[in-house]
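Structure below is entry18.pdb: PDB, C-alpha atoms (C1' of nucleotides).
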```pdb
ATOM      1  CA  MET A 180       0.000   0.000   0.000
ATOM      2  CA  ARG A 181       1.102   3.575  -0.473
ATOM      3  CA  ILE A 182       1.650   6.209   2.162
ATOM      4  CA  GLY A 183      -1.828   7.680   1.928
ATOM      5  CA  GLU A 184      -3.568   4.450   2.787
ATOM      6  CA  LEU A 185      -1.196   3.682   5.633
ATOM      7  CA  ALA A 186      -1.718   7.192   6.952
ATOM      8  CA  GLU A 187      -5.459   6.733   6.916
ATOM      9  CA  ARG A 188      -5.455   3.252   8.398
ATOM     10  CA  THR A 189      -3.182   4.246  11.265
ATOM     11  CA  GLY A 190      -4.468   7.755  11.774
ATOM     12  CA  THR A 191      -0.975   9.109  11.272
ATOM     13  CA  PRO A 192       0.031  12.154   9.219
ATOM     14  CA  ARG A 193       2.108  11.297   6.175
ATOM     15  CA  ARG A 194       4.713  13.656   7.470
ATOM     16  CA  LEU A 195       5.271  11.424  10.469
ATOM     17  CA  LEU A 196       5.458   8.233   8.458
ATOM     18  CA  ARG A 197       8.293   9.828   6.527
ATOM     19  CA  TYR A 198       9.838  11.004   9.766
ATOM     20  CA  TYR A 199       9.721   7.509  11.275
ATOM     21  CA  GLU A 200      11.445   6.262   8.174
ATOM     22  CA  GLU A 201      14.110   8.923   8.507
ATOM     23  CA  GLN A 202      14.619   7.705  12.077
ATOM     24  CA  GLU A 203      14.835   4.176  10.697
ATOM     25  CA  LEU A 204      11.854   2.869  12.596
ATOM     26  CA  ILE A 205      10.192   1.626   9.429
ATOM     27  CA  MET A 206      11.792   0.851   6.095
ATOM     28  CA  PRO A 207       9.252   0.600   3.288
ATOM     29  CA  THR A 208      10.349  -0.571  -0.129
ATOM     30  CA  ARG A 209      10.017   1.697  -3.136
ATOM     31  CA  CYS A 210       8.006   1.273  -6.293
ATOM     32  CA  ALA A 211       9.596   1.900  -9.669
ATOM     33  CA  ASN A 212       8.302   5.461  -9.638
ATOM     34  CA  GLY A 213       9.828   6.235  -6.250
ATOM     35  CA  TYR A 214       6.618   5.916  -4.241
ATOM     36  CA  ARG A 215       6.925   4.247  -0.854
ATOM     37  CA  ASP A 216       5.387   0.791  -0.757
ATOM     38  CA  TYR A 217       4.218  -0.437   2.635
ATOM     39  CA  ASP A 218       3.625  -4.023   3.583
ATOM     40  CA  GLU A 219       0.511  -4.949   5.538
ATOM     41  CA  ARG A 220       2.625  -5.519   8.652
ATOM     42  CA  PHE A 221       3.404  -1.818   8.842
ATOM     43  CA  VAL A 222      -0.068  -1.029  10.044
ATOM     44  CA  ASP A 223       0.497  -2.719  13.392
ATOM     45  CA  ARG A 224       4.020  -1.519  13.579
ATOM     46  CA  VAL A 225       3.103   2.127  13.141
ATOM     47  CA  VAL A 226       0.397   1.845  15.764
ATOM     48  CA  GLN A 227       2.942   0.322  18.108
ATOM     49  CA  ILE A 228       5.436   3.094  17.413
ATOM     50  CA  ARG A 229       2.861   5.759  18.114
ATOM     51  CA  GLY A 230       1.892   4.075  21.339
ATOM     52  CA  LEU A 231       5.453   3.967  22.538
ATOM     53  CA  LEU A 232       6.096   7.565  21.528
ATOM     54  CA  ASP A 233       2.999   8.614  23.380
ATOM     55  CA  ALA A 234       4.254   6.733  26.402
ATOM     56  CA  GLY A 235       7.398   8.807  26.435
ATOM     57  CA  LEU A 236       9.948   6.658  24.633
ATOM     58  CA  PRO A 237      12.150   8.489  22.138
ATOM     59  CA  THR A 238      12.592   7.144  18.614
ATOM     60  CA  ARG A 239      16.194   6.268  19.377
ATOM     61  CA  ILE A 240      15.052   3.740  21.954
ATOM     62  CA  ILE A 241      12.075   2.514  19.992
ATOM     63  CA  LYS A 242      14.407   1.759  17.138
ATOM     64  CA  GLN A 243      16.408  -0.451  19.440
ATOM     65  CA  ILE A 244      13.595  -2.395  20.984
ATOM     66  CA  LEU A 245      11.404  -2.877  17.926
ATOM     67  CA  PRO A 246      13.510  -5.538  16.204
ATOM     68  CA  CYS A 247      13.603  -7.609  19.381
ATOM     69  CA  LEU A 248       9.850  -7.901  19.369
ATOM     70  CA  ASP A 249       9.424  -9.433  15.947
ATOM     71  CA  LYS A 250       8.253 -12.916  16.452
ATOM     72  CA  PRO A 251      10.529 -15.131  14.464
ATOM     73  CA  ARG A 252      13.255 -13.564  16.496
ATOM     74  CA  VAL A 253      16.020 -16.022  15.776
ATOM     75  CA  ILE A 254      17.319 -13.577  13.220
ATOM     76  CA  HIS A 255      18.063 -10.980  15.841
ATOM     77  CA  PHE A 256      20.136 -13.102  18.157
ATOM     78  CA  LYS A 257      23.410 -12.112  16.648
ATOM     79  CA  ASP A 258      22.592  -8.437  17.186
ATOM     80  CA  ALA A 259      22.446  -9.054  20.910
ATOM     81  CA  THR A 260      25.712  -7.491  22.026
ATOM     82  CA  PRO A 261      26.245  -7.100  25.777
ATOM     83  CA  GLU A 262      25.837  -3.323  25.573
ATOM     84  CA  MET A 263      22.608  -3.809  23.692
ATOM     85  CA  LEU A 264      21.304  -6.145  26.373
ATOM     86  CA  ALA A 265      22.291  -3.675  29.055
ATOM     87  CA  THR A 266      20.390  -0.936  27.260
ATOM     88  CA  LEU A 267      17.358  -3.160  27.031
ATOM     89  CA  GLU A 268      17.480  -3.940  30.721
ATOM     90  CA  GLY A 269      17.740  -0.270  31.471
ATOM     91  CA  GLU A 270      14.730   0.477  29.335
ATOM     92  CA  LEU A 271      12.832  -2.375  30.919
ATOM     93  CA  ASP A 272      13.480  -0.689  34.209
ATOM     94  CA  ARG A 273      12.294   2.697  33.024
ATOM     95  CA  MET A 274       9.209   1.168  31.522
ATOM     96  CA  ASN A 275       8.400  -0.509  34.800
ATOM     97  CA  HIS A 276       8.744   2.827  36.541
ATOM     98  CA  ARG A 277       6.487   4.453  34.011
ATOM     99  CA  ILE A 278       3.906   1.729  34.350
ATOM    100  CA  ALA A 279       3.978   2.030  38.114
ATOM    101  CA  CYS A 280       3.645   5.809  38.002
ATOM    102  CA  LEU A 281       0.841   5.739  35.477
ATOM    103  CA  THR A 282      -1.013   3.014  37.328
ATOM    104  CA  ARG A 283      -0.746   4.833  40.613
ATOM    105  CA  ASN A 284      -2.061   8.048  39.160
ATOM    106  CA  ARG A 285      -4.703   6.368  37.091
ATOM    107  CA  ASP A 286      -6.081   4.637  40.157
ATOM    108  CA  ALA A 287      -6.104   7.920  41.996
ATOM    109  CA  ILE A 288      -7.973   9.675  39.207
ATOM    110  CA  GLU A 289     -10.421   6.814  38.993
ATOM    111  CA  GLU A 290     -11.085   7.030  42.688
ATOM    112  CA  TYR A 291     -11.480  10.770  42.501
ATOM    113  CA  LEU A 292     -14.004  10.473  39.695
ATOM    114  CA  GLU A 293     -15.961   7.905  41.634
ATOM    115  CA  VAL A 294     -16.106  10.055  44.712
ATOM    116  CA  VAL A 295     -17.087  13.158  42.767
ATOM    117  CA  ARG A 296     -19.804  11.304  40.898
ATOM    118  CA  GLN A 297     -21.212   9.927  44.116
ATOM    119  CA  ASP A 298     -21.278  13.431  45.434
ATOM    120  CA  LYS A 299     -23.215  14.731  42.468
ATOM    121  CA  ALA A 300     -25.539  11.947  41.398
ATOM    122  CA  PRO A 301     -27.616  10.640  44.339
ATOM    123  CA  GLU A 302     -30.851  12.112  45.673
ATOM    124  CA  PRO A 303     -30.142  15.376  47.455
ATOM    125  CA  ALA A 304     -30.067  14.155  51.048
ATOM    126  CA  ALA A 305     -27.753  15.112  53.894
ATOM    127  CA  GLN A 306     -24.305  15.406  52.320
ATOM    128  CA  SER A 307     -20.756  16.284  53.313
ATOM    129  CA  PRO A 308     -19.444  19.761  52.409
ATOM    130  CA  GLY A 309     -18.950  20.577  48.760
ATOM    131  CA  GLY A 310     -22.231  19.059  47.716
ATOM    132  CA  ARG A 311     -24.360  20.741  45.043
TER     133      ARG A 311
ATOM    134  CA  MET B  11      13.541  24.398  52.329
ATOM    135  CA  ARG B  12      15.093  26.418  49.554
ATOM    136  CA  ILE B  13      15.410  25.487  45.905
ATOM    137  CA  GLY B  14      18.864  23.995  46.191
ATOM    138  CA  GLU B  15      17.840  21.423  48.745
ATOM    139  CA  LEU B  16      14.709  20.471  46.866
ATOM    140  CA  ALA B  17      16.741  20.124  43.694
ATOM    141  CA  GLU B  18      19.153  17.803  45.389
ATOM    142  CA  ARG B  19      16.521  15.728  47.154
ATOM    143  CA  THR B  20      14.505  15.201  43.990
ATOM    144  CA  GLY B  21      17.377  15.004  41.546
ATOM    145  CA  THR B  22      15.871  17.860  39.590
ATOM    146  CA  PRO B  23      17.719  20.850  38.097
ATOM    147  CA  ARG B  24      16.774  24.160  39.717
ATOM    148  CA  ARG B  25      15.881  25.392  36.274
ATOM    149  CA  LEU B  26      13.088  22.836  36.067
ATOM    150  CA  LEU B  27      11.728  23.579  39.506
ATOM    151  CA  ARG B  28      11.320  27.178  38.384
ATOM    152  CA  TYR B  29       9.803  25.982  35.138
ATOM    153  CA  TYR B  30       7.253  23.818  36.936
ATOM    154  CA  GLU B  31       6.351  26.836  38.982
ATOM    155  CA  GLU B  32       5.933  28.931  35.851
ATOM    156  CA  GLN B  33       3.588  26.213  34.590
ATOM    157  CA  GLU B  34       1.784  26.420  37.912
ATOM    158  CA  LEU B  35       2.458  22.826  38.884
ATOM    159  CA  ILE B  36       3.998  23.881  42.189
ATOM    160  CA  MET B  37       3.530  27.121  44.037
ATOM    161  CA  PRO B  38       6.158  27.656  46.709
ATOM    162  CA  THR B  39       5.854  30.544  49.103
ATOM    163  CA  ARG B  40       8.488  33.239  49.223
ATOM    164  CA  CYS B  41      10.757  34.298  52.038
ATOM    165  CA  ALA B  42      11.150  37.984  52.874
ATOM    166  CA  ASN B  43      14.232  38.170  50.671
ATOM    167  CA  GLY B  44      12.448  36.729  47.641
ATOM    168  CA  TYR B  45      13.852  33.204  47.919
ATOM    169  CA  ARG B  46      11.466  30.379  47.157
ATOM    170  CA  ASP B  47      10.432  28.425  50.232
ATOM    171  CA  TYR B  48       9.369  24.836  49.660
ATOM    172  CA  ASP B  49       7.296  22.776  52.014
ATOM    173  CA  GLU B  50       8.289  19.182  52.725
ATOM    174  CA  ARG B  51       5.344  17.970  50.651
ATOM    175  CA  PHE B  52       6.961  19.317  47.505
ATOM    176  CA  VAL B  53       9.507  16.538  47.512
ATOM    177  CA  ASP B  54       6.918  13.901  46.681
ATOM    178  CA  ARG B  55       5.044  16.202  44.401
ATOM    179  CA  VAL B  56       8.071  16.982  42.280
ATOM    180  CA  VAL B  57       8.916  13.307  42.001
ATOM    181  CA  GLN B  58       5.365  12.659  40.901
ATOM    182  CA  ILE B  59       5.506  15.435  38.337
ATOM    183  CA  ARG B  60       8.698  14.081  36.878
ATOM    184  CA  GLY B  61       7.242  10.610  36.685
ATOM    185  CA  LEU B  62       4.200  11.821  34.825
ATOM    186  CA  LEU B  63       6.275  13.946  32.472
ATOM    187  CA  ASP B  64       8.477  10.974  31.754
ATOM    188  CA  ALA B  65       5.363   8.940  31.030
ATOM    189  CA  GLY B  66       4.373  11.359  28.325
ATOM    190  CA  LEU B  67       1.897  13.675  30.022
ATOM    191  CA  PRO B  68       2.310  17.371  29.253
ATOM    192  CA  THR B  69       2.432  19.928  32.063
ATOM    193  CA  ARG B  70      -0.936  21.279  31.006
ATOM    194  CA  ILE B  71      -2.577  17.966  31.843
ATOM    195  CA  ILE B  72      -0.508  17.324  34.931
ATOM    196  CA  LYS B  73      -1.623  20.660  36.236
ATOM    197  CA  GLN B  74      -5.213  19.542  35.903
ATOM    198  CA  ILE B  75      -4.918  16.160  37.518
ATOM    199  CA  LEU B  76      -2.567  17.011  40.366
ATOM    200  CA  PRO B  77      -5.076  18.844  42.552
ATOM    201  CA  CYS B  78      -7.537  15.954  42.270
ATOM    202  CA  LEU B  79      -5.023  13.644  43.850
ATOM    203  CA  ASP B  80      -4.479  15.519  47.056
ATOM    204  CA  LYS B  81      -5.956  13.474  49.789
ATOM    205  CA  PRO B  82      -8.224  15.753  51.741
ATOM    206  CA  ARG B  83      -9.937  16.296  48.435
ATOM    207  CA  VAL B  84     -13.148  17.827  49.670
ATOM    208  CA  ILE B  85     -11.710  21.203  48.826
ATOM    209  CA  HIS B  86     -11.557  20.393  45.139
ATOM    210  CA  PHE B  87     -15.126  19.350  44.663
ATOM    211  CA  LYS B  88     -16.349  22.715  43.599
ATOM    212  CA  ASP B  89     -13.722  22.844  40.849
ATOM    213  CA  ALA B  90     -15.281  19.782  39.261
ATOM    214  CA  THR B  91     -17.050  21.336  36.307
ATOM    215  CA  PRO B  92     -18.500  18.937  33.738
ATOM    216  CA  GLU B  93     -15.847  19.866  31.172
ATOM    217  CA  MET B  94     -13.189  19.189  33.765
ATOM    218  CA  LEU B  95     -14.625  15.775  34.483
ATOM    219  CA  ALA B  96     -14.755  15.012  30.774
ATOM    220  CA  THR B  97     -11.118  15.961  30.434
ATOM    221  CA  LEU B  98     -10.226  13.715  33.314
ATOM    222  CA  GLU B  99     -12.090  10.797  31.807
ATOM    223  CA  GLY B 100     -10.305  11.353  28.546
ATOM    224  CA  GLU B 101      -6.952  11.377  30.281
ATOM    225  CA  LEU B 102      -7.892   8.273  32.211
ATOM    226  CA  ASP B 103      -8.487   6.616  28.882
ATOM    227  CA  ARG B 104      -5.194   7.711  27.439
ATOM    228  CA  MET B 105      -3.376   6.579  30.541
ATOM    229  CA  ASN B 106      -4.976   3.181  30.253
ATOM    230  CA  HIS B 107      -3.811   2.970  26.661
ATOM    231  CA  ARG B 108      -0.343   3.965  27.668
ATOM    232  CA  ILE B 109      -0.261   1.409  30.431
ATOM    233  CA  ALA B 110      -1.482  -1.299  28.093
ATOM    234  CA  CYS B 111       1.061  -0.398  25.452
ATOM    235  CA  LEU B 112       3.932  -0.214  27.903
ATOM    236  CA  THR B 113       2.947  -3.455  29.573
ATOM    237  CA  ARG B 114       2.678  -5.282  26.279
ATOM    238  CA  ASN B 115       6.067  -4.102  25.146
ATOM    239  CA  ARG B 116       7.680  -4.617  28.495
ATOM    240  CA  ASP B 117       6.517  -8.202  28.572
ATOM    241  CA  ALA B 118       7.833  -8.736  25.080
ATOM    242  CA  ILE B 119      11.230  -7.298  25.995
ATOM    243  CA  GLU B 120      11.319  -9.397  29.110
ATOM    244  CA  GLU B 121      10.586 -12.522  27.126
ATOM    245  CA  TYR B 122      13.184 -11.596  24.566
ATOM    246  CA  LEU B 123      15.818 -11.111  27.240
ATOM    247  CA  GLU B 124      14.966 -14.451  28.767
ATOM    248  CA  VAL B 125      15.254 -16.262  25.472
ATOM    249  CA  VAL B 126      18.517 -14.569  24.587
ATOM    250  CA  ARG B 127      20.002 -15.338  27.978
ATOM    251  CA  GLN B 128      18.994 -18.960  27.718
ATOM    252  CA  ASP B 129      20.660 -19.041  24.358
ATOM    253  CA  LYS B 130      23.919 -17.678  25.712
ATOM    254  CA  ALA B 131      24.269 -19.040  29.206
ATOM    255  CA  PRO B 132      23.805 -22.832  29.310
ATOM    256  CA  GLU B 133      26.448 -25.463  28.518
ATOM    257  CA  PRO B 134      27.228 -25.456  24.808
ATOM    258  CA  ALA B 135      25.109 -28.392  23.655
ATOM    259  CA  ALA B 136      22.980 -28.827  20.539
ATOM    260  CA  GLN B 137      21.313 -25.474  19.952
ATOM    261  CA  SER B 138      18.967 -23.829  17.485
ATOM    262  CA  PRO B 139      20.466 -21.454  14.885
ATOM    263  CA  GLY B 140      21.856 -18.179  16.110
ATOM    264  CA  GLY B 141      23.690 -19.790  18.996
ATOM    265  CA  ARG B 142      27.179 -18.708  19.929
TER     266      ARG B 142
ATOM    267  C1'  DT C 129      -4.931  16.733 -22.968
ATOM    268  C1'  DC C 130      -6.186  18.534 -18.989
ATOM    269  C1'  DG C 131      -7.168  18.418 -14.068
ATOM    270  C1'  DA C 132      -7.475  16.101  -9.708
ATOM    271  C1'  DA C 133      -5.428  13.286  -6.576
ATOM    272  C1'  DC C 134      -1.831  11.153  -5.440
ATOM    273  C1'  DC C 135       3.355  10.967  -4.577
ATOM    274  C1'  DA C 136       8.279  12.994  -3.886
ATOM    275  C1'  DT C 137      11.877  16.106  -1.480
ATOM    276  C1'  DC C 138      13.123  20.157   1.011
ATOM    277  C1'  DA C 139      12.853  23.673   4.204
ATOM    278  C1'  DC C 140      11.156  26.433   7.518
ATOM    279  C1'  DA C 141       8.095  26.930  11.774
ATOM    280  C1'  DT C 142       6.113  25.434  16.255
ATOM    281  C1'  DA C 143       5.509  23.468  21.065
ATOM    282  C1'  DC C 144       7.525  21.601  24.877
ATOM    283  C1'  DA C 145      10.899  20.259  28.171
ATOM    284  C1'  DT C 146      15.427  21.308  29.100
ATOM    285  C1'  DG C 147      20.410  23.414  29.021
ATOM    286  C1'  DT C 148      23.304  27.367  29.869
ATOM    287  C1'  DG C 149      24.892  31.672  31.078
ATOM    288  C1'  DA C 150      24.798  36.676  32.109
ATOM    289  C1'  DG C 151      24.003  40.236  35.529
ATOM    290  C1'  DG C 152      22.929  40.999  40.026
ATOM    291  C1'  DG C 153      21.028  40.483  45.187
ATOM    292  C1'  DT C 154      21.498  37.994  50.169
ATOM    293  C1'  DC C 155      23.822  36.194  53.852
ATOM    294  C1'  DA C 156      26.826  33.672  56.875
ATOM    295  C1'  DA C 157      31.702  32.814  57.908
ATOM    296  C1'  DC C 158      36.029  34.405  58.005
TER     297       DC C 158
ATOM    298  C1'  DG D  55      34.096  44.189  54.719
ATOM    299  C1'  DT D  56      35.179  40.786  51.703
ATOM    300  C1'  DT D  57      34.457  36.209  49.960
ATOM    301  C1'  DG D  58      31.826  32.253  48.585
ATOM    302  C1'  DA D  59      27.718  29.878  48.281
ATOM    303  C1'  DC D  60      23.509  30.527  47.776
ATOM    304  C1'  DC D  61      19.375  32.887  45.516
ATOM    305  C1'  DC D  62      16.923  35.936  41.922
ATOM    306  C1'  DT D  63      15.279  37.157  36.964
ATOM    307  C1'  DC D  64      15.968  37.323  32.412
ATOM    308  C1'  DA D  65      17.093  35.533  27.800
ATOM    309  C1'  DC D  66      18.805  32.835  24.428
ATOM    310  C1'  DA D  67      19.929  27.904  22.763
ATOM    311  C1'  DT D  68      18.917  22.861  22.010
ATOM    312  C1'  DG D  69      16.583  18.375  20.848
ATOM    313  C1'  DT D  70      12.522  15.969  19.635
ATOM    314  C1'  DA D  71       8.213  15.297  17.650
ATOM    315  C1'  DT D  72       5.269  17.749  14.948
ATOM    316  C1'  DG D  73       2.810  21.307  11.501
ATOM    317  C1'  DT D  74       2.809  23.536   7.079
ATOM    318  C1'  DG D  75       3.829  24.884   2.673
ATOM    319  C1'  DA D  76       6.564  25.276  -1.687
ATOM    320  C1'  DT D  77       7.872  23.035  -5.822
ATOM    321  C1'  DG D  78       7.562  19.443  -8.829
ATOM    322  C1'  DG D  79       6.786  14.367 -10.749
ATOM    323  C1'  DT D  80       3.179  10.365 -11.668
ATOM    324  C1'  DT D  81      -1.192   8.410 -12.686
ATOM    325  C1'  DC D  82      -5.726   8.206 -14.120
ATOM    326  C1'  DG D  83     -10.233   9.375 -15.515
ATOM    327  C1'  DA D  84     -13.157  13.019 -17.983
TER     328       DA D  84
END
```
Please, can you express the file's structure as structure tokens?
Amino acid sequence: MRIGELAERTGTPRRLLRYYEEQELIMPTRCANGYRDYDERFVDRVVQIRGLLDAGLPTRIIKQILPCLDKPRVIHFKDATPEMLATLEGELDRMNHRIACLTRNRDAIEEYLEVVRQDKAPEPAAQSPGGR
Amino acid sequence: MRIGELAERTGTPRRLLRYYEEQELIMPTRCANGYRDYDERFVDRVVQIRGLLDAGLPTRIIKQILPCLDKPRVIHFKDATPEMLATLEGELDRMNHRIACLTRNRDAIEEYLEVVRQDKAPEPAAQSPGGR
DNA sequence: TCGAACCATCACATACATGTGAGGGTCAAC
DNA sequence: GTTGACCCTCACATGTATGTGATGGTTCGA
């Protein structure tokens, strides 16, 4: 598929698809006329990239972890230098921190919303301060 | 405490503490001489801010959710306009997406690391391709 | 054959978090 | 009273992910 279709199917501006390519996150082939030609697999991949970017990972890191996640991963064993593994472990750590932080705050927001809704919804009886 | 101590205790450049204040994420009082005066509570708060920033939330959003998380939260009930609640729900959603994405990728990295380690560590017997 | 709808590259602009430094005040210790 | 370690307020610079537009090639249907 060409860039327009991929853009539409992933909800991503063309500009960014080209940017991700420049950052070597995705490497589409080219048609004879120079147009980018994207494989079906790129749909998922782009969505994954966007998710990781949104979660705070820079392209530099995403570029490193992406190849490790492809499923027939035997191919990538030889790339696994010690430094590379160390980087991955470091990122694993940061991701765990992020997950913990997000989860903590999400739970807190959820609780807040529940409490506020309880305070607004029920029949107007005796209520603690702040009630409507 | 003054800015230097807070910076050291949170591992945050002074520059950023002033920036967070400019963005109205933290509002220290001032001493007579104009120095910022930080309460003990700011230590946790700054750490929380940094965690959320690292997880991809912009200061604009952090500013909105922070006050909802303070524990004697009765004070903040009146701020809960419908638009505000909608925003919060939206952010809750995005945070859930982020958490899901991070968790998925973390698990995949973890699995990858396990497989690679298994491939490198054990006694050199018959092994699948890619072995050392 | 023309126009619309794609595609290409290039370049400049923006928002946001952050770095860095200049120019100057405060204060405690010597 | 001078020095050094703080603090202040600017203000300009950087990196990263984005927005936007100029300029031009390709394809295809009217």
What does the PyMOL selection byres ((chain A and resi 220) around 12) select in this file, as a PDB file with C-alpha atoms, keeping the file's coordinate frame?
```pdb
ATOM      1  CA  MET A 180       0.000   0.000   0.000  1.00  0.00           C
ATOM      2  CA  LEU A 185      -1.196   3.682   5.633  1.00  0.00           C
ATOM      3  CA  ARG A 188      -5.455   3.252   8.398  1.00  0.00           C
ATOM      4  CA  THR A 189      -3.182   4.246  11.265  1.00  0.00           C
ATOM      5  CA  ILE A 205      10.192   1.626   9.429  1.00  0.00           C
ATOM      6  CA  MET A 206      11.792   0.851   6.095  1.00  0.00           C
ATOM      7  CA  PRO A 207       9.252   0.600   3.288  1.00  0.00           C
ATOM      8  CA  ASP A 216       5.387   0.791  -0.757  1.00  0.00           C
ATOM      9  CA  TYR A 217       4.218  -0.437   2.635  1.00  0.00           C
ATOM     10  CA  ASP A 218       3.625  -4.023   3.583  1.00  0.00           C
ATOM     11  CA  GLU A 219       0.511  -4.949   5.538  1.00  0.00           C
ATOM     12  CA  PHE A 221       3.404  -1.818   8.842  1.00  0.00           C
ATOM     13  CA  VAL A 222      -0.068  -1.029  10.044  1.00  0.00           C
ATOM     14  CA  ASP A 223       0.497  -2.719  13.392  1.00  0.00           C
ATOM     15  CA  ARG A 224       4.020  -1.519  13.579  1.00  0.00           C
ATOM     16  CA  VAL A 225       3.103   2.127  13.141  1.00  0.00           C
ATOM     17  CA  VAL A 226       0.397   1.845  15.764  1.00  0.00           C
ATOM     18  CA  GLN A 227       2.942   0.322  18.108  1.00  0.00           C
ATOM     19  CA  ASP A 249       9.424  -9.433  15.947  1.00  0.00           C
TER      20      ASP A 249
END
```
Please produce, as a Markdown table, a per-residue contact table for chain C versus chain B (criterion: any atom at most 12 Å away, all atoms listed in the file considered), showing the nearest atom pair and its distance in Å to one decimal, sorted by chain then residue number.
```
| residue | atom | partner | partner_atom | distance |
| --- | --- | --- | --- | --- |
| C:DA143 | C1' | B:Pro68 | CA | 10.7 |
| C:DC144 | C1' | B:Pro68 | CA | 8.0 |
| C:DA145 | C1' | B:Leu26 | CA | 8.6 |
| C:DT146 | C1' | B:Leu26 | CA | 7.5 |
| C:DG147 | C1' | B:Arg25 | CA | 8.8 |
| C:DT148 | C1' | B:Arg25 | CA | 10.0 |
| C:DG153 | C1' | B:Asn43 | CA | 9.0 |
| C:DT154 | C1' | B:Asn43 | CA | 7.3 |
| C:DC155 | C1' | B:Asn43 | CA | 10.3 |
```
| message | If I take atom CA of B:Leu35 and atom CA of A:Thr282, how far is one from the other in Å, to one decimal? | response |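 Distance between the two atoms: 20.2 Å.
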Within 10 Å of C:DC158, counting only C-alpha atoms (C1' of nucleotides), which residues qualify if same-chain residues fewer than 2 places away don't, as a JSON list (two decimals) with C-alpha atoms (C1' of nucleotides), in the coordinates of the input?
```
[["chain", "number", "residue", "atom", "x", "y", "z"],
["C", 156, "DA", "C1'", 26.83, 33.67, 56.88],
["D", 56, "DT", "C1'", 35.18, 40.79, 51.70],
["D", 57, "DT", "C1'", 34.46, 36.21, 49.96]]
```
| request: Kindly provide, as a list in words, the residues of chain D having any atom no farther than 12 Å from an atom of chain A, counting all atoms listed in the file. | output: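 Residues of chain D within 12 Å of chain A, counting all atoms listed in the file: DG69, DT70, DA71, DT72, DG73, DT74, DG79, DT80 and DT81 of chain D.
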| task | To verify the selection step, state as number ranges by chain which residues the PyMOL selection byres ((chain A) within 8 of (chain B)) yields on this input. | result | A: 227, 230-235, 244, 247-248, 253-254, 256-257, 259, 264, 267, 271, 274-278, 280-282, 284-285, 287-289, 291-292, 295, 308-310
| To one decimal place, how far is atom C1' of D:DT63 from atom CA of B:Ala42 in Å? |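 Pair atom C1' of D:DT63 / atom CA of B:Ala42 returns 16.5 Å.
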Box dimensions and centre (Å, one decimal) enclosing stretch 141-148 of chain C, axis-aligned, 3 Å extra per side, as JSON:
```
{"center_x": 14.4, "center_y": 23.8, "center_z": 20.8, "size_x": 23.8, "size_y": 13.1, "size_z": 24.1}
```
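Nearest to D:DC64 of all the residues C:DA136, C:DG131, C:DG152, C:DA141 is C:DG152, counting only C-alpha atoms (C1' of nucleotides).
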| Using all atoms listed in the file, which residue out of A:Leu196, A:Cys210, A:Arg239, A:Ala265 lies closest to A:Gly183? |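 Once distances to A:Gly183 are computed over all atoms listed in the file, the minimum belongs to A:Leu196.
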| query | B:Arg46, B:Glu32, B:Glu93, B:Ile72: which is nearest D:DC61, counting all atoms listed in the file? | reply |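 Counting all atoms listed in the file, the residue closest to D:DC61 is B:Arg46.
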| Rounded to one decimal in Å, what is the spacing between atom CA of A:Glu293 and atom CA of B:Lys73? |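 The value is 19.9 Å.
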| task | Give as a ChimeraX atom specification each residue that has an atom at most 12 Å from (-12.2, 10.2, -13.9) in the file, counting all atoms listed in the file. | result | /C:130-133 /D:81-84
| task | For each of C:DT137, C:DT129, C:DT142, C:DA150, take the minimum atom-to-atom distance to A:Arg197, counting all atoms listed in the file, then give the residue where this is smallest. | result |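 Comparing C:DT137, C:DT129, C:DT142, C:DA150 against A:Arg197, the winner is C:DT137.
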